[in-house]
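The block underneath contains the structure these notes are about, expressed in structure tokens.
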Amino acid sequence: MKKTFDKSLKLDKPLTDMGRRLLDVSLASALAPLSLAASTLAAFTLLANGRFDLLEEGRRIGLDGQPFRQLRLKTPLAPHKFKRLCEVLKRVHAYDAPMIFNVLKGEMAFVGPEPISLNEAEELKEHELLRFSVRPGLTDTYKLRKRMNIAFESRSVLERAYIARRSVKKDMAIIARTVPTLILGRQAPVYADSFVLRDVKIDNMTMREVIDRLIKLSAEGRHHVAFVNAHCFNVYSDDEEYGYILKRTDLTLPDGFGIKLAGIMIGAEVRENVNGTDLFPRLCRACVLNGKSIFLLGAAPGIAAKVREKMLEIYPDLSIVGAEHGYFEEGSPDERDLIARINERRPDFLLVAMGVPRQEKWIDAHLHELSVGVAMGVGGLFDFYSGRIPRAPLWMRELGLEWTWRLAQEPQRMFRRYIFGNPRFMFDVWRWYYGQARTQLINRFDDIDLPLNMYREEMEFQLRRVLWWIATDGSLKLKRFIDVAASSVGLLALSPLFLATAAAIKIEDPSGPVFYAQERVGLHGKMFRMYKFRSMVKDADRLRAQLMEQNESGAGVLFKMKNDPRVTRVGKFIRKYSIDELPQIYNVLKGDMSIVGPRPHLVSEMEQYGVKERDRLEVTPGLTCLWQVGGRSMLDFNQQVNLDKRYIQNQSLWGDVKLILKTIPVVLSGSGAY
């Protein structure tokens with residue numbers, strides 16, 4: 001490097017950096033198997049597409065300006081095999097997975113400035129060399145915000161802010177926010193200058209480009225600029241006049257997370273979320289630098305005036321030539337007087353906050369008679385900057401969750417817009433996009449006789465396939481997924497109880513084992529070893545034969561005694577609250593059992609089954625079922641069989657959830673157990 005990093009610039013945080021390194025090593029070690037699997041799958045797609053030079057040569061500059069080789073797989077540019085898999089792997093950055101091993105080696109961190117090449121390092125300015133005081137990272141604040149289209153500050157500004165305030169807690173927060181955003185940004189996105197969404201042309205620009213464009217438009221005079229979000233398109237569906245106006249605006253800007261998701265759906269990456277709330281202070285700064293003026297119009301009486309006061313505190317040289325409320329009748333003398341006042345002051349920017357679609361309709365109706373440079377509808381912007389409604393915290397915006405904050409602030413007004421409106425918008429975009437693709441296909445092959453209802457029939461067929469899969473194999477796979485997830489969490493969460501139970505068993509009877517394993521009959525008669533905490537004396541199985549005459553079960557298949565002499569003191573307690581059954585969570589994880597299903601029985605019991613009882617072997621046995629919540633040991637064998645058959649005939653995922661919820665109070669009460 002021609003430029004060397006001056007270590008005197010290094011911010012001294014040795015304990016913080018040690019903690020961050022410990023976090024990196026721990027997390028990288030845990031993720032190494034997953035990284036290896038992702039890398040193997042990504043390498044397979046490269047080989048399948050004829051790429052045999054897998055690794056990308058990347059010499060990067062790291063901590064203290066030291067060079068290192070960045071481990072990363074090449075990305076297939078135009079794959080002809082496994083296209084969808086390649087796209088998914090790109091979305092989740094699987095081709096970057098080998099960099100986990102750079103983290104283990106200490107050349108990179110999970111969080112830190114993006115690694116750069118030698119040529120890029122030589123072009124850095126003096127104040128930007130501070131980035132070499134920490135290890136380069138897999139992610140950072142800039143990359144996170146870039147994925148969410150809100151990286152309005154420069155990379156160097158965000159890097160310096162991170163380095164000055166770095167901590168283990170901040171690193172963990174950035175990693176946690178990065179994970180859900182991985183699929184929301186491609187590795188090397190290709191941006192178009194504009195794209196069409198439901199017949200509306202959207203200008204795809206960065207915030208800085210928009211500000212420059214607005215300053216130029218303001219010098220030309222009488223331009224209409226609009227922001228569009230998911231709600232705007234829903235209004236457009238019900239209001240043709242508003243839709244017609246959106247198609248005629250001079251600049252239409254993407255606003256909100258919904259537009260980003262729609263862009264992903266149709267293959268159009270959004271450059272930045274150019275919303276009015278983030279644009280406003282930047283526009284004010286540009287107006288100060290370029291000698292431009294602003295007129296605020298809209299919201300309730302007094303709100304615009306408060307916005308004016310607050311912005312003048314921040315930008316004392318800002319020219320806000322008017323602040324008027326939006327409560328006037330259209331066509332009234334008050335409206336004519338308002339237009340006259342606007343024209344008298346000739347603002348460069350007229351910001352209209354009347355809500356969608358009124359603000360766009362008002363601008364469209366009066367733009368020809370207004371002496372303004374640019375008129376734009378800004379929705380609820382004045383409410384935020386007046387302080388009437390607080391804006392969502394930055395971490396929520398980085399996750400695309402600002403709408404949940406708005407919903408919490410104004411639930412009555414926003415519930416319908418977000419809970420019903422957002423899914424409606426995505427469905428309308430999907431229907432428009434695939435309908436458009438079909439139309440293009442028909443236009444291209446117009447000599448082929450395609451029935452008009454072919455598209456609908458195909459969709460109905462695919463829907464029936466999905467519903468059939470859900471009703472058959474899909475529900476079983478989903479149930480197995482729930483079993484694995486719940487048993488994994490359960491084993492971890494209940495580990496202290498496992499240790500306490502094991503200790504109690506050993507204290508009472510040191511010579512006996514903690515666990516008791518027994519052969520049980522599972523799905524389709526398959527044998528498996530079921531595990532329990534030992535609740536009886538060591539030779540309990542031998543003593544059972546001597547106690548058969550005292551069997552209290554209503555039928556001869558099961559053996560039940562309320563005061564079984566073989567049960568230990570600890571055993572009575574753990575049996576009452578079903579603690580002895582907890583090791584069967586391991587059986588669930590293995591797949592021998594499920595969380596919900598008929599209880600597994602002994603081989604000796606199964607040998608006494610009749611034809612109707614053997615139906616119980618058609619499903620995976622479980623930890624709980626209907627008779628577990630309907631009487632437990634107080635029910636005789638025939639009652640248990642009838643309840644198990646009722647479950648098998650009516651089983652569903654929702655039914656399983658209800659059974660699990662019913663099991664919890666029954667277990668805690670200890671009723672019916674002995």
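Chain identifiers are assigned as A, B, and so on, following the order in which chains appear in the structure tokens; residues are numbered from 1 within each chain, and ligands are numbered from 1 in order of appearance.
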Using only C-alpha atoms, which residues sit within 10 Å of A:Arg147 once same-chain residues fewer than 5 positions away are excluded, as JSON, numbers by chain? {"A": [142, 178, 181, 182, 183, 184, 185, 186, 187, 260, 270, 271, 272, 398, 399]}
Would you mind telling me which residue in A:Val666, A:Leu31, A:Val514, A:Leu394 lies nearest to A:Ile150 when using only C-alpha atoms?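 Closest residue, counting only C-alpha atoms: A:Leu394.
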So which bits of stretch 18-96 of chain A end up strand (DSSP E or B) when you DSSP the backbone, as a ChimeraX atom specification? /A:55,59-61,67-69,73
Store the residues picked out above, limited to N, CA, C and O atoms, as a short mmCIF file (atom, residue, chain, number, x, y, z; two decimals), in the first residue's frame.
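As a result, selection.cif now contains:
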data_model
loop_
_atom_site.label_atom_id
_atom_site.label_comp_id
_atom_site.auth_asym_id
_atom_site.auth_seq_id
_atom_site.Cartn_x
_atom_site.Cartn_y
_atom_site.Cartn_z
N LEU A 55 -13.10 -21.05 -6.93
CA LEU A 55 -12.77 -19.96 -6.01
C LEU A 55 -12.47 -18.66 -6.75
O LEU A 55 -11.82 -18.66 -7.79
N ARG A 59 -7.61 -10.75 -3.28
CA ARG A 59 -6.66 -10.24 -2.29
C ARG A 59 -7.26 -9.00 -1.67
O ARG A 59 -7.60 -8.04 -2.37
N ARG A 60 -7.42 -8.99 -0.36
CA ARG A 60 -8.06 -7.89 0.34
C ARG A 60 -7.14 -7.33 1.41
O ARG A 60 -6.19 -7.99 1.85
N ILE A 61 -7.43 -6.11 1.83
CA ILE A 61 -6.65 -5.45 2.87
C ILE A 61 -7.41 -5.53 4.18
O ILE A 61 -8.59 -5.15 4.25
N PRO A 67 -2.52 -7.54 4.08
CA PRO A 67 -3.29 -8.23 3.03
C PRO A 67 -3.66 -9.65 3.45
O PRO A 67 -2.97 -10.28 4.24
N PHE A 68 -4.75 -10.15 2.91
CA PHE A 68 -5.15 -11.53 3.13
C PHE A 68 -5.96 -11.98 1.92
O PHE A 68 -6.43 -11.17 1.12
N ARG A 69 -6.14 -13.31 1.80
CA ARG A 69 -6.90 -13.86 0.69
C ARG A 69 -8.33 -14.14 1.16
O ARG A 69 -8.55 -14.94 2.07
N LEU A 73 -16.68 -18.16 -3.26
CA LEU A 73 -16.95 -18.88 -4.50
C LEU A 73 -17.40 -17.91 -5.58
O LEU A 73 -18.02 -16.88 -5.29
#
Name the residues of stretch 194-302 of chain A that come out as alpha helix (DSSP H) in a backbone DSSP run; write them as an NGL selection string. :A and (207-220 or 230-238 or 240-246 or 257-266 or 276-290)
Extract, using only C-alpha atoms, all DNA, RNA and protein residues at most 12 Å from A:Phe195, discarding same-chain residues fewer than 3 positions from it, and format them as a ChimeraX atom specification. /A:191-192,198-205,252-254,259-260,262-264,266-271
Write to file, as a PDB file, in the first residue's frame, the residues of the selection just made, with N, CA and C atoms.
ATOM      1  N   TYR A 191     -29.486  -2.692 -11.344  1.00  0.00           N
ATOM      2  CA  TYR A 191     -30.578  -1.746 -11.208  1.00  0.00           C
ATOM      3  C   TYR A 191     -30.961  -1.154 -12.562  1.00  0.00           C
ATOM      4  N   ALA A 192     -32.248  -1.024 -12.771  1.00  0.00           N
ATOM      5  CA  ALA A 192     -32.742  -0.294 -13.945  1.00  0.00           C
ATOM      6  C   ALA A 192     -33.072   1.131 -13.516  1.00  0.00           C
ATOM      7  N   ARG A 198     -47.664  -2.376 -12.253  1.00  0.00           N
ATOM      8  CA  ARG A 198     -49.101  -2.213 -12.518  1.00  0.00           C
ATOM      9  C   ARG A 198     -49.385  -0.961 -13.353  1.00  0.00           C
ATOM     10  N   ASP A 199     -48.663  -0.817 -14.447  1.00  0.00           N
ATOM     11  CA  ASP A 199     -48.854   0.253 -15.427  1.00  0.00           C
ATOM     12  C   ASP A 199     -48.400   1.624 -14.938  1.00  0.00           C
ATOM     13  N   VAL A 200     -47.758   1.695 -13.792  1.00  0.00           N
ATOM     14  CA  VAL A 200     -47.220   2.955 -13.283  1.00  0.00           C
ATOM     15  C   VAL A 200     -45.702   2.890 -13.376  1.00  0.00           C
ATOM     16  N   LYS A 201     -45.117   3.857 -14.065  1.00  0.00           N
ATOM     17  CA  LYS A 201     -43.659   3.901 -14.201  1.00  0.00           C
ATOM     18  C   LYS A 201     -43.058   4.483 -12.925  1.00  0.00           C
ATOM     19  N   ILE A 202     -42.154   3.746 -12.313  1.00  0.00           N
ATOM     20  CA  ILE A 202     -41.503   4.179 -11.075  1.00  0.00           C
ATOM     21  C   ILE A 202     -40.057   4.528 -11.381  1.00  0.00           C
ATOM     22  N   ASP A 203     -39.653   5.715 -10.991  1.00  0.00           N
ATOM     23  CA  ASP A 203     -38.279   6.173 -11.215  1.00  0.00           C
ATOM     24  C   ASP A 203     -37.386   5.581 -10.131  1.00  0.00           C
ATOM     25  N   ASN A 204     -36.411   4.792 -10.543  1.00  0.00           N
ATOM     26  CA  ASN A 204     -35.552   4.037  -9.626  1.00  0.00           C
ATOM     27  C   ASN A 204     -34.251   4.796  -9.410  1.00  0.00           C
ATOM     28  N   MET A 205     -34.219   5.645  -8.400  1.00  0.00           N
ATOM     29  CA  MET A 205     -33.083   6.532  -8.169  1.00  0.00           C
ATOM     30  C   MET A 205     -32.644   6.460  -6.708  1.00  0.00           C
ATOM     31  N   THR A 252     -42.101   9.712 -10.168  1.00  0.00           N
ATOM     32  CA  THR A 252     -42.835   8.831  -9.262  1.00  0.00           C
ATOM     33  C   THR A 252     -41.806   8.001  -8.507  1.00  0.00           C
ATOM     34  N   LEU A 253     -41.791   8.135  -7.182  1.00  0.00           N
ATOM     35  CA  LEU A 253     -40.704   7.595  -6.374  1.00  0.00           C
ATOM     36  C   LEU A 253     -41.168   6.431  -5.498  1.00  0.00           C
ATOM     37  N   PRO A 254     -40.346   5.365  -5.373  1.00  0.00           N
ATOM     38  CA  PRO A 254     -40.724   4.183  -4.572  1.00  0.00           C
ATOM     39  C   PRO A 254     -40.619   4.457  -3.078  1.00  0.00           C
ATOM     40  N   ILE A 259     -43.059  -1.896  -1.773  1.00  0.00           N
ATOM     41  CA  ILE A 259     -42.559  -1.693  -3.138  1.00  0.00           C
ATOM     42  C   ILE A 259     -41.293  -2.512  -3.349  1.00  0.00           C
ATOM     43  N   LYS A 260     -40.459  -2.608  -2.306  1.00  0.00           N
ATOM     44  CA  LYS A 260     -39.246  -3.424  -2.419  1.00  0.00           C
ATOM     45  C   LYS A 260     -39.607  -4.885  -2.672  1.00  0.00           C
ATOM     46  N   ALA A 262     -42.390  -6.073  -3.894  1.00  0.00           N
ATOM     47  CA  ALA A 262     -42.979  -6.183  -5.231  1.00  0.00           C
ATOM     48  C   ALA A 262     -41.888  -6.179  -6.290  1.00  0.00           C
ATOM     49  N   GLY A 263     -40.858  -5.355  -6.091  1.00  0.00           N
ATOM     50  CA  GLY A 263     -39.743  -5.323  -7.030  1.00  0.00           C
ATOM     51  C   GLY A 263     -39.021  -6.651  -7.096  1.00  0.00           C
ATOM     52  N   ILE A 264     -38.815  -7.286  -5.929  1.00  0.00           N
ATOM     53  CA  ILE A 264     -38.189  -8.607  -5.905  1.00  0.00           C
ATOM     54  C   ILE A 264     -39.040  -9.611  -6.672  1.00  0.00           C
ATOM     55  N   ILE A 266     -41.075  -9.137  -9.194  1.00  0.00           N
ATOM     56  CA  ILE A 266     -41.076  -8.956 -10.650  1.00  0.00           C
ATOM     57  C   ILE A 266     -39.671  -8.850 -11.227  1.00  0.00           C
ATOM     58  N   GLY A 267     -38.643  -8.998 -10.359  1.00  0.00           N
ATOM     59  CA  GLY A 267     -37.270  -8.955 -10.845  1.00  0.00           C
ATOM     60  C   GLY A 267     -36.726  -7.562 -11.050  1.00  0.00           C
ATOM     61  N   ALA A 268     -37.227  -6.585 -10.318  1.00  0.00           N
ATOM     62  CA  ALA A 268     -36.752  -5.195 -10.422  1.00  0.00           C
ATOM     63  C   ALA A 268     -36.238  -4.763  -9.057  1.00  0.00           C
ATOM     64  N   GLU A 269     -34.923  -4.675  -8.897  1.00  0.00           N
ATOM     65  CA  GLU A 269     -34.339  -4.265  -7.624  1.00  0.00           C
ATOM     66  C   GLU A 269     -34.535  -2.771  -7.411  1.00  0.00           C
ATOM     67  N   VAL A 270     -35.039  -2.403  -6.238  1.00  0.00           N
ATOM     68  CA  VAL A 270     -35.211  -0.990  -5.894  1.00  0.00           C
ATOM     69  C   VAL A 270     -33.889  -0.453  -5.366  1.00  0.00           C
ATOM     70  N   ARG A 271     -33.458   0.695  -5.902  1.00  0.00           N
ATOM     71  CA  ARG A 271     -32.178   1.265  -5.465  1.00  0.00           C
ATOM     72  C   ARG A 271     -32.253   1.732  -4.017  1.00  0.00           C
TER      73      ARG A 271
END
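Between atom CA of A:Leu15 and atom CA of A:Phe101 the interatomic distance comes to 23.4 Å.
Among the candidate residues A:Lys170, A:Ala502, A:Asp17, A:Glu209, the one lying nearest to A:Ser133 is A:Asp17, with distances computed using only C-alpha atoms.
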Any idea what the distance is between atom CA of A:Leu41 and atom CA of A:Leu492?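 Separation between atom CA of A:Leu41 and atom CA of A:Leu492: 29.5 Å.
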List the spatial neighbours of A:Lys310 as a list in words - criterion: any atom at most 12 Å away, only C-alpha atoms, same-chain residues fewer than 5 positions off excluded.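 Surrounding residues, per the criterion: Pro281, Cys284, Ile303, Ala304, Ala305, Tyr315, Pro316, Leu318, Ile320, Phe382, Phe384, Tyr385, Ser386 and Gly387 of chain A.
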For A:Ile579, work out the shell of residues within 9 Å, counting only C-alpha atoms and skipping chain neighbours fewer than 5 positions away, then give it as a VMD selection string. chain A and resid 497 to 498 501 532 to 533 573 to 574 667
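Closest approach to A:Glu605 among A:Phe295, A:Trp403, A:Tyr577, A:Phe637: A:Phe637, based on only C-alpha atoms.
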Fewer than 4 positions away in the same chain doesn't count, so skip those; otherwise give me all residues within 10 Å of A:Asp428, counting only C-alpha atoms, as JSON, numbers by chain. {"A": [198, 233, 234, 237, 262, 422, 423, 424, 432, 433]}
Residue selection dump (N, CA, C and O atoms) as a compact mmCIF listing (two decimals), in the first residue's frame:
# COMPACT_ATOMS: atom_id res chain seq x y z
N ARG A 198 -47.66 -2.38 -12.25
CA ARG A 198 -49.10 -2.21 -12.52
C ARG A 198 -49.39 -0.96 -13.35
O ARG A 198 -50.21 -0.12 -12.99
N PHE A 233 -51.18 1.97 -4.28
CA PHE A 233 -51.64 1.07 -5.34
C PHE A 233 -53.01 0.47 -5.01
O PHE A 233 -53.81 0.20 -5.90
N ASN A 234 -53.27 0.25 -3.72
CA ASN A 234 -54.61 -0.21 -3.35
C ASN A 234 -55.66 0.84 -3.63
O ASN A 234 -56.77 0.52 -4.09
N SER A 237 -56.40 0.88 -7.28
CA SER A 237 -57.30 -0.19 -7.72
C SER A 237 -58.77 0.23 -7.64
O SER A 237 -59.60 -0.25 -8.41
N ALA A 262 -42.39 -6.07 -3.89
CA ALA A 262 -42.98 -6.18 -5.23
C ALA A 262 -41.89 -6.18 -6.29
O ALA A 262 -41.96 -6.91 -7.28
N ASN A 422 -51.77 -4.70 2.78
CA ASN A 422 -50.49 -5.20 2.29
C ASN A 422 -50.61 -6.54 1.56
O ASN A 422 -50.07 -6.70 0.46
N PRO A 423 -51.33 -7.54 2.13
CA PRO A 423 -51.52 -8.79 1.36
C PRO A 423 -52.28 -8.55 0.06
O PRO A 423 -51.98 -9.19 -0.96
N ARG A 424 -53.25 -7.65 0.08
CA ARG A 424 -53.99 -7.35 -1.15
C ARG A 424 -53.07 -6.79 -2.22
O ARG A 424 -53.13 -7.18 -3.39
N TRP A 432 -51.12 -9.27 -11.59
CA TRP A 432 -50.77 -8.41 -12.73
C TRP A 432 -49.53 -8.93 -13.45
O TRP A 432 -49.50 -9.02 -14.67
N TYR A 433 -48.51 -9.30 -12.68
CA TYR A 433 -47.24 -9.71 -13.28
C TYR A 433 -47.40 -10.99 -14.10
O TYR A 433 -46.98 -11.06 -15.26
Write out as a count of residues only the residues lying within 7 Å of A:Gly276, counting only C-alpha atoms and excluding same-chain residues fewer than 3 positions away. 4
For a quick check of understanding, using only C-alpha atoms, which of A:Leu46, A:Leu476, A:Ile339, A:Ile245 has the smallest distance to A:Pro357?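 Counting only C-alpha atoms, the residue closest to A:Pro357 is A:Ile245.
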